[in-house]
Every structure is written in structure tokens, then in C-alpha cells.
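Chemist: What follows is final_2.txt, made up of compact mmCIF, C-alpha atoms:
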# COMPACT_ATOMS: atom_id res chain seq x y z
CA MET A 1 93.76 117.74 66.95
CA ARG A 2 91.03 117.32 69.55
CA LEU A 3 91.13 114.77 72.34
CA PHE A 4 88.01 113.13 73.78
CA LEU A 5 88.13 110.93 76.86
CA LYS A 6 85.07 109.01 77.94
CA GLU A 7 84.69 106.68 80.93
CA ILE A 8 82.45 103.69 80.20
CA LYS A 9 82.15 101.35 83.18
CA ASP A 10 80.80 98.41 81.16
CA LEU A 11 83.83 98.13 78.86
CA LYS A 12 85.90 94.99 79.34
CA GLU A 13 88.99 96.48 77.73
CA THR A 14 90.11 100.06 77.01
CA GLU A 15 89.30 101.04 73.43
CA VAL A 16 90.99 103.72 71.34
CA GLU A 17 89.39 105.06 68.18
CA ILE A 18 91.33 107.47 65.98
CA ARG A 19 89.27 109.52 63.54
CA TYR A 20 91.18 111.21 60.77
CA ARG A 21 90.64 112.87 57.43
CA GLU A 22 94.01 111.72 56.09
CA ARG A 23 96.48 109.15 57.49
CA ASP A 24 99.41 111.54 57.84
CA GLU A 25 102.49 111.56 60.07
CA GLU A 26 100.55 112.85 63.07
CA VAL A 27 98.14 109.91 62.81
CA GLU A 28 101.02 107.43 62.38
CA ASN A 29 102.66 108.83 65.53
CA LEU A 30 99.42 108.40 67.42
CA ILE A 31 99.11 104.78 66.24
CA SER A 32 102.66 103.95 67.26
CA ALA A 33 102.15 105.67 70.66
CA VAL A 34 99.01 103.61 71.30
CA ASN A 35 100.74 100.42 70.14
CA SER A 36 103.83 101.03 72.24
CA ALA A 37 101.71 101.70 75.36
CA HIS A 38 100.20 98.25 74.90
CA ASP A 39 103.46 96.48 74.01
CA LYS A 40 105.43 97.07 77.17
CA LEU A 41 106.18 95.19 80.31
CA ILE A 42 107.84 96.28 83.54
CA GLY A 43 111.48 95.35 83.93
CA VAL A 44 113.67 95.75 87.04
CA LYS A 45 117.18 97.05 86.48
CA ASP A 46 120.26 96.05 88.51
CA ASN A 47 119.84 99.12 90.74
CA GLY A 48 116.21 98.20 91.49
CA ASP A 49 114.62 100.83 89.22
CA CYS A 50 111.43 99.70 87.50
CA VAL A 51 111.27 100.73 83.85
CA PRO A 52 108.85 99.96 81.03
CA VAL A 53 110.51 97.77 78.39
CA SER A 54 109.09 97.55 74.91
CA PHE A 55 108.62 94.02 73.55
CA THR A 56 110.08 95.14 70.24
CA LYS A 57 113.42 95.86 71.97
CA ILE A 58 113.70 92.49 73.69
CA LEU A 59 116.00 89.92 72.09
CA TYR A 60 115.01 87.04 74.34
CA PHE A 61 113.74 86.02 77.76
CA GLU A 62 115.69 83.54 79.84
CA ALA A 63 114.90 81.78 83.11
CA VAL A 64 118.02 81.62 85.30
CA ASP A 65 118.00 80.33 88.91
CA ARG A 66 114.27 80.90 89.50
CA GLY A 67 114.40 84.39 87.99
CA VAL A 68 113.26 85.47 84.54
CA PHE A 69 115.36 88.01 82.65
CA ALA A 70 114.71 90.04 79.50
CA TYR A 71 117.79 90.73 77.36
CA THR A 72 117.97 93.75 75.08
CA SER A 73 121.01 94.80 73.07
CA ALA A 74 121.98 97.25 75.84
CA SER A 75 120.62 95.89 79.13
CA VAL A 76 119.28 92.99 81.13
CA TYR A 77 116.03 93.40 83.09
CA LYS A 78 114.56 91.12 85.72
CA ILE A 79 110.94 90.37 84.90
CA ARG A 80 108.27 89.53 87.47
CA ASN A 81 106.29 87.24 85.17
CA THR A 82 107.00 83.54 84.84
CA LEU A 83 108.20 82.09 81.54
CA TYR A 84 104.80 80.39 81.09
CA GLU A 85 102.97 83.72 81.50
CA LEU A 86 105.34 85.37 79.05
CA GLU A 87 104.87 82.54 76.57
CA ASP A 88 101.11 83.19 76.59
CA THR A 89 101.51 86.97 76.37
CA CYS A 90 104.21 86.91 73.72
CA SER A 91 102.94 84.24 71.35
CA SER A 92 101.05 86.89 69.36
CA LYS A 93 104.12 89.16 69.30
CA SER A 94 106.58 87.10 67.23
CA PHE A 95 108.12 85.43 70.28
CA VAL A 96 108.63 81.68 70.38
CA ARG A 97 109.88 79.25 73.00
CA ILE A 98 113.12 77.59 71.90
CA SER A 99 114.10 75.66 75.03
CA LYS A 100 112.88 74.96 78.55
CA SER A 101 114.46 78.21 79.70
CA THR A 102 114.37 80.56 76.68
CA ILE A 103 111.81 82.51 74.63
CA VAL A 104 113.23 84.37 71.63
CA ASN A 105 112.01 87.32 69.58
CA LEU A 106 111.94 86.05 65.98
CA ASN A 107 112.26 89.61 64.70
CA ALA A 108 115.67 89.79 66.41
CA VAL A 109 116.95 86.58 64.80
CA ARG A 110 119.38 87.25 61.95
CA LYS A 111 120.44 83.74 60.97
CA ILE A 112 119.69 80.09 61.72
CA THR A 113 122.54 77.58 61.59
CA PRO A 114 122.80 73.90 62.52
CA ASP A 115 124.23 72.79 65.86
CA ASP A 116 125.31 69.44 67.32
CA GLY A 117 122.63 66.78 67.34
CA ARG A 118 119.27 68.02 66.16
CA LYS A 119 119.69 71.40 67.81
CA LEU A 120 119.88 74.75 66.05
CA ARG A 121 121.74 77.99 66.66
CA LEU A 122 120.08 81.38 66.32
CA LEU A 123 122.32 84.35 65.67
CA LEU A 124 120.69 87.44 67.17
CA ALA A 125 120.84 91.07 66.11
CA ASN A 126 123.46 91.88 68.78
CA GLY A 127 125.79 89.05 67.67
CA GLU A 128 124.81 86.77 70.55
CA THR A 129 123.86 83.13 69.89
CA VAL A 130 121.06 81.14 71.50
CA ILE A 131 120.41 77.41 71.13
CA VAL A 132 117.14 75.83 70.03
CA SER A 133 116.62 72.51 71.83
CA ARG A 134 115.64 69.46 69.79
CA GLY A 135 112.13 69.38 71.22
CA PHE A 136 111.41 72.97 70.19
CA VAL A 137 112.65 72.89 66.58
CA GLY A 138 109.15 71.95 65.38
CA ASP A 139 107.62 74.93 67.24
CA LEU A 140 110.16 77.26 65.66
CA LYS A 141 109.39 75.91 62.18
CA LYS A 142 105.68 76.32 62.81
CA SER A 143 106.20 79.92 63.93
CA LEU A 144 108.10 80.59 60.70
CA GLY A 145 105.20 79.21 58.70
CA MET A 146 106.98 75.98 57.77
CA LYS A 147 105.52 72.51 57.88
CA GLY A 148 107.08 69.51 59.63
CA ASP A 149 108.16 68.71 63.12
CA ALA A 150 111.92 68.40 62.84
CA MET B 1 137.34 83.05 81.77
CA ASP B 2 133.60 82.64 82.19
CA SER B 3 133.22 80.64 85.41
CA SER B 4 129.52 79.84 84.98
CA ARG B 5 130.16 78.44 81.51
CA LEU B 6 133.10 76.41 82.82
CA LYS B 7 130.93 75.02 85.63
CA GLN B 8 128.28 74.08 83.09
CA ALA B 9 130.95 72.41 80.91
CA PHE B 10 132.15 70.32 83.91
CA LYS B 11 128.58 69.20 84.66
CA LYS B 12 127.62 68.44 81.07
CA ALA B 13 130.90 66.66 80.28
CA PHE B 14 130.47 64.46 83.37
CA SER B 15 127.10 63.15 82.22
CA VAL B 16 128.35 62.56 78.67
CA VAL B 17 131.60 60.83 79.65
CA THR B 18 130.00 58.63 82.36
CA ALA B 19 127.38 57.49 79.84
CA VAL B 20 130.05 56.61 77.26
CA PHE B 21 132.23 54.93 79.94
CA SER B 22 129.29 52.78 81.10
CA ALA B 23 128.51 51.85 77.51
CA SER B 24 132.12 50.86 76.84
CA VAL B 25 132.25 48.69 79.99
CA VAL B 26 129.06 46.92 78.89
CA LEU B 27 130.54 46.49 75.39
CA LEU B 28 133.77 45.12 76.84
CA ALA B 29 131.81 42.69 79.01
CA GLY B 30 129.78 41.61 75.97
CA ILE B 31 132.93 40.98 73.92
CA SER B 32 134.48 39.12 76.83
CA ALA B 33 131.42 36.89 77.19
CA LEU B 34 131.31 36.28 73.43
CA TYR B 35 134.93 35.18 73.14
CA GLY B 36 135.19 33.62 76.58
CA GLU B 37 138.15 35.87 77.49
CA LEU B 38 138.67 37.19 80.98
CA ILE B 39 138.76 40.93 81.60
CA TYR B 40 141.83 41.75 83.64
CA PRO B 41 141.41 44.45 86.32
CA GLU B 42 144.24 46.46 84.75
CA VAL B 43 142.21 46.70 81.50
CA VAL B 44 139.26 48.22 83.35
CA GLY B 45 141.65 50.49 85.29
CA ARG B 46 143.29 51.64 82.08
CA LEU B 47 139.90 52.26 80.51
CA PHE B 48 138.91 54.29 83.56
CA LEU B 49 142.07 56.42 83.29
CA VAL B 50 141.43 57.01 79.60
CA PHE B 51 137.96 58.25 80.41
CA VAL B 52 139.29 60.52 83.18
CA MET B 53 141.56 62.14 80.57
CA LEU B 54 138.71 62.27 78.06
CA TYR B 55 136.53 63.94 80.69
CA PHE B 56 138.92 66.88 81.05
CA LEU B 57 139.31 67.07 77.27
CA THR B 58 135.51 67.15 76.91
CA VAL B 59 135.30 69.96 79.46
CA VAL B 60 137.77 72.00 77.39
CA ARG B 61 135.91 71.17 74.17
CA MET B 62 132.57 72.21 75.64
CA TYR B 63 134.06 75.41 77.02
CA VAL B 64 135.64 76.27 73.66
CA ALA B 65 132.40 75.41 71.83
CA GLY B 66 130.58 77.97 73.97
CA THR B 67 132.93 80.87 73.16
CA ARG B 68 131.70 83.65 70.90
CA TRP B 69 134.37 82.75 68.34
CA ALA B 70 133.15 79.14 68.09
CA CYS B 71 129.47 80.17 68.08
CA ASN B 72 130.09 82.17 64.92
CA LYS B 73 131.73 79.23 63.16
CA PRO B 74 130.16 75.96 61.96
CA TYR B 75 129.86 73.64 64.97
CA ILE B 76 131.81 70.90 63.17
CA LEU B 77 134.95 73.02 63.27
CA VAL B 78 135.40 72.46 67.02
CA ASN B 79 134.56 68.76 66.62
CA ILE B 80 137.18 68.33 63.86
CA MET B 81 139.75 70.37 65.81
CA PHE B 82 139.35 68.13 68.86
CA ALA B 83 139.13 64.79 67.01
CA PRO B 84 142.94 64.26 66.85
CA LEU B 85 143.18 65.08 70.56
CA TYR B 86 140.49 62.55 71.44
CA PHE B 87 142.28 59.99 69.30
CA GLY B 88 145.62 60.85 70.88
CA PHE B 89 144.23 60.49 74.41
CA ALA B 90 142.62 57.17 73.56
CA VAL B 91 145.90 55.92 72.01
CA LEU B 92 147.91 57.06 75.04
CA GLY B 93 145.66 54.95 77.22
CA LEU B 94 145.27 51.87 75.05
CA PHE B 95 148.49 51.43 73.04
CA PRO B 96 151.44 51.37 75.50
CA GLY B 97 152.25 47.83 76.53
CA ASN B 98 149.46 46.35 74.45
CA PRO B 99 150.79 43.29 72.55
CA PHE B 100 147.87 43.38 70.10
CA LEU B 101 148.54 46.92 68.88
CA SER B 102 151.72 48.15 67.21
CA ALA B 103 153.07 51.50 65.98
CA LYS B 104 152.35 50.37 62.44
CA ASP B 105 148.68 49.98 63.33
CA LEU B 106 148.74 53.48 64.75
CA LEU B 107 150.09 54.91 61.50
CA ILE B 108 147.13 53.42 59.67
CA ALA B 109 144.49 54.01 62.35
CA ALA B 110 145.25 57.71 63.02
CA PRO B 111 144.76 59.13 59.52
CA THR B 112 141.90 56.70 58.81
CA PHE B 113 140.04 57.84 61.92
CA ILE B 114 140.67 61.56 61.47
CA ILE B 115 139.85 61.65 57.75
CA SER B 116 136.72 59.50 58.01
CA PHE B 117 135.54 61.48 61.04
CA ALA B 118 136.03 64.80 59.23
CA ILE B 119 134.25 63.54 56.09
CA ALA B 120 131.31 62.23 58.13
CA GLN B 121 131.05 65.54 59.99
CA ILE B 122 131.12 67.56 56.75
CA VAL B 123 128.50 65.37 55.05
CA VAL B 124 126.13 65.66 58.02
CA TYR B 125 126.74 69.42 58.23
CA VAL B 126 125.99 69.96 54.52
CA TYR B 127 122.74 68.03 54.89
CA LYS B 128 121.72 70.03 57.98
CA LYS B 129 122.77 73.31 56.35
CA ALA B 130 120.36 72.65 53.47
CA ASN B 131 117.56 72.41 56.05
CA THR B 132 118.56 75.58 57.87
CA ASP B 133 118.88 77.42 54.54
CA ARG B 134 115.19 76.73 53.97
CA MET B 135 114.49 77.99 57.49
CA ASN B 136 116.47 81.17 56.77
CA ASP B 137 114.31 81.76 53.69
CA ALA B 138 111.21 81.35 55.86
CA LEU B 139 112.76 83.72 58.42
CA ASN B 140 113.29 86.39 55.75
CA GLU B 141 109.65 86.03 54.69
CA PHE B 142 108.62 86.31 58.33
CA HIS B 143 110.66 89.52 58.72
CA LYS B 144 108.99 90.99 55.62
CA GLU B 145 105.53 90.18 56.99
CA HIS B 146 106.34 91.63 60.41
CA GLN B 147 108.15 94.79 59.31
CA ASN B 148 105.81 97.02 61.33
CA ASP B 149 106.39 95.27 64.67
CA GLY B 150 110.03 94.44 63.92
CA TYR B 151 112.92 94.41 66.38
CA GLU B 152 114.26 97.82 67.43
CA GLU B 153 117.76 98.06 68.83
CA GLU B 154 117.83 99.53 72.33
CA LEU B 155 120.17 102.43 72.93
CA VAL B 156 122.60 102.29 75.83
CA ASP B 157 120.54 104.70 77.97
CA GLY B 158 117.64 102.23 77.86
CA ASN B 159 115.44 104.17 75.40
Let's see the structure in the file written out as C-alpha cells.
Modeler:
Amino acid sequence: MRLFLKEIKDLKETEVEIRYRERDEEVENLISAVNSAHDKLIGVKDNGDCVPVSFTKILYFEAVDRGVFAYTSASVYKIRNTLYELEDTCSSKSFVRISKSTIVNLNAVRKITPDDGRKLRLLLANGETVIVSRGFVGDLKKSLGMKGDA
Amino acid sequence: MDSSRLKQAFKKAFSVVTAVFSASVVLLAGISALYGELIYPEVVGRLFLVFVMLYFLTVVRMYVAGTRWACNKPYILVNIMFAPLYFGFAVLGLFPGNPFLSAKDLLIAAPTFIISFAIAQIVVYVYKKANTDRMNDALNEFHKEHQNDGYEEELVDGN
């Protein structure tokens, strides 16, 4: 495998082109490496260490007392972005806002069940449950490709 | 015991119970105006005490509803479990010394309330469940379409 790097000042965004004769395991690894480099955000651990966190490992984001936290099955990371910024960034990555304070990864949702009123419960991959507020049920349905507002 | 969840239950229960208390006072005043009967201060006092008891019961219910055990069960289970307690608290406050209500009435009212409440809860739940079943089907389709960028479980070391 040969690697070419070229600096082009006019480019608005970094571009990666992979040329291959056959799409084998090596090429797949390259694709996933490029994808994962793009799909990460910086999270701050309890001890203050900054670590890259892959979007695919995040169960949900929650705003608590003016801070935004990303929850994975193993850890909680403080995130420097606001929930609004995350909502914009994540909308193309299977994340959807389910309440004023929560954005959930739909790929991490295992089951949807009814809750009191017109709310819903989402059972996540780690066994945790998050609540979908009434006002966001329509958005969730839309994200799942369903019609209707409630 | 999860203190933050308990604090949240105290706050949420307060807003719910004060709203219901206000509504019941307005209702009582409306009935009083309609029939031209006076509302004695002891009636309002008794009503207030009932709602104080119901407030603490609501706090417990909300705390229990937020436990992992309850979250993995249909939400109506907690409602049905607490219905007899709500009824009991209301009876404790309204029945003693009330010439209009007798023990015989209680024997009819208690099962009628609990059974009709449970049936109503189950009917509503079945209707809602049909809706969420459709959503679960859509969720499965969504997972199939997004297999490549699906959720990956994080290992304990953060990798």
C-alpha cells in the first residue's frame, strides 16, 4: 500500500480518496479508520483527562446543571459543546432529541414502551431507560421513518 | 437511596398535588355554590390534611416509578399497586365522622374504585402498546438500514 499526502490550500474540507483494485479487508479497515476519525468528539473524564469518544459508542447526551454529558455503557464524559450544537452535529448520525435535556442514539435503543401520559420509554443497550417527552414523540417517529405527530 | 431522584420526586409531587388540591377546592366551592351549602372550615382543613398525606404517598410512588425495577415493567403496574393506597388515604381523611358516608358505602366503593381503575389502566395500556409495537417495528427497520454505523458497546477501559 502506498500513501500520498498532498496539501491543497484552496480545499474547504479535507478529502480522502482510496484507490483500490479489490475491496478487501485492508480497504475496509482504511474506510473504518477514516470514518472513525471523523465520528469522534472530545470528552472530559472525571479525572480531567481529555479523550476522543466515538459517536457510535455514545448511548445518549444529557444536559445536567449547565453541563452536557455523554453516556456510554462504561463511562460518562463531560462534553464542551452545547446540546443545540450536538443536535446539529448528530442529526445525521442517528441521534435524535427526545426531551429538553436529552439526545439519544437510536442505534442504542433496544425497545420502545409506553409511559404515563403521552410519554414513551426507551430501553437502551445497557439496560438503562430514558423518557421521551410528549413534545418530542413526533420527532422520534419522524426519525424512525414513521408518519404522524403523536 | 438515590438522593437526586428523591429530591426530584419531592419537587414533581409538589406541583402535581398542589394542582389537584387547587382543583378540588374550586370543585368544592362550585358544588357549594350550586347547592347553597356552606363549606365549614373543618372540611377544608380535612381536605388539606388528606392532600398532605397524598403528597408523601405521591413522592414514594414517583420514587418507586423511577427505580430500575419499575422502569423494566409496564408503567401501569406501579399505578395499580398504589391505587389502593391512594384510596385508603382518601378514605382515612374523608370517612371518619362523616354522617353521609358509612362502612357499607366503603365496602362498595373500595372494590368498585380499584377494579374500574385497574381496567381503565389496562385498556389504555393495551391501546398505547399497539402504537409502540408499530414503533418497535420501525426501530428494527432503522437498525437494519444503519447496520454499518450501529451502536458499539464501550469496554470498561474506554476503548
Chemist: Would you mind listing what lies within 9 Å of region 79-94 of chain B as a PDB file with C-alpha atoms, keeping the file's coordinate frame, with only C-alpha atoms counted and same-chain residues fewer than 3 positions away left out?
Modeler:
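Listing of part.pdb after writing:
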ATOM      1  CA  VAL B  43     142.210  46.700  81.500  1.00  0.00           C
ATOM      2  CA  ARG B  46     143.290  51.640  82.080  1.00  0.00           C
ATOM      3  CA  LEU B  47     139.900  52.260  80.510  1.00  0.00           C
ATOM      4  CA  LEU B  49     142.070  56.420  83.290  1.00  0.00           C
ATOM      5  CA  VAL B  50     141.430  57.010  79.600  1.00  0.00           C
ATOM      6  CA  PHE B  51     137.960  58.250  80.410  1.00  0.00           C
ATOM      7  CA  MET B  53     141.560  62.140  80.570  1.00  0.00           C
ATOM      8  CA  LEU B  54     138.710  62.270  78.060  1.00  0.00           C
ATOM      9  CA  LEU B  57     139.310  67.070  77.270  1.00  0.00           C
ATOM     10  CA  THR B  58     135.510  67.150  76.910  1.00  0.00           C
ATOM     11  CA  ARG B  61     135.910  71.170  74.170  1.00  0.00           C
ATOM     12  CA  ALA B  65     132.400  75.410  71.830  1.00  0.00           C
ATOM     13  CA  TYR B  75     129.860  73.640  64.970  1.00  0.00           C
ATOM     14  CA  ILE B  76     131.810  70.900  63.170  1.00  0.00           C
ATOM     15  CA  GLY B  97     152.250  47.830  76.530  1.00  0.00           C
ATOM     16  CA  ASN B  98     149.460  46.350  74.450  1.00  0.00           C
ATOM     17  CA  LEU B 101     148.540  46.920  68.880  1.00  0.00           C
ATOM     18  CA  LEU B 106     148.740  53.480  64.750  1.00  0.00           C
ATOM     19  CA  ALA B 110     145.250  57.710  63.020  1.00  0.00           C
ATOM     20  CA  PHE B 113     140.040  57.840  61.920  1.00  0.00           C
ATOM     21  CA  ILE B 114     140.670  61.560  61.470  1.00  0.00           C
ATOM     22  CA  PHE B 117     135.540  61.480  61.040  1.00  0.00           C
ATOM     23  CA  ALA B 118     136.030  64.800  59.230  1.00  0.00           C
ATOM     24  CA  GLN B 121     131.050  65.540  59.990  1.00  0.00           C
TER      25      GLN B 121
END
Chemist: Which residues of chain B are close to chain A, meaning at most 12 Å apart when you count only C-alpha atoms, and how do they look as number ranges by chain?
Modeler: B: 4, 62, 65-79, 121-122, 124-159
Chemist: Need the shell around region 11-22 of chain B: protein/DNA/RNA residues with any atom at most 6 Å away, counting only C-alpha atoms. Skip same-chain ones fewer than 3 positions apart. Format as a ChimeraX atom specification?
Modeler: /B:8,25,55,58-59
Chemist: Grab the CA of Ser133 (chain A) to CA of Ile98 (chain A) distance for me, in Å with one decimal place.
Modeler: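 Atom-to-atom, CA of Ser133 (chain A) and CA of Ile98 (chain A) are spaced 6.2 Å apart.
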Chemist: How many Å separate CA of Glu13 (chain A) from CA of Val44 (chain A)?
Modeler: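 According to the coordinates, CA of Glu13 (chain A) and CA of Val44 (chain A) are separated by 26.4 Å.
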Chemist: What lies within 12 Å of Phe4 (chain A) using only C-alpha atoms, ignoring chain neighbours under 6 positions off, as JSON, numbers by chain?
Modeler: {"A": [16, 17, 18, 19]}
Chemist: Neighbours of Ala29 (chain B) within 12 Å (only C-alpha atoms; same-chain residues fewer than 5 positions away dropped), as a PyMOL selection string?
Modeler: chain B and resi 22-24+34-40+43-44
Chemist: If I take CA of Lys7 (chain B) and CA of Phe136 (chain A), how far is one from the other in Å, to one decimal?
Modeler: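 Atom-to-atom, CA of Lys7 (chain B) to CA of Phe136 (chain A), that is 25.0 Å.
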Chemist: Between A:Leu86, A:Arg2, A:Lys12, A:Ser101, single out the one closest to Lys40 (chain A), counting only C-alpha atoms.
Modeler: A:Leu86
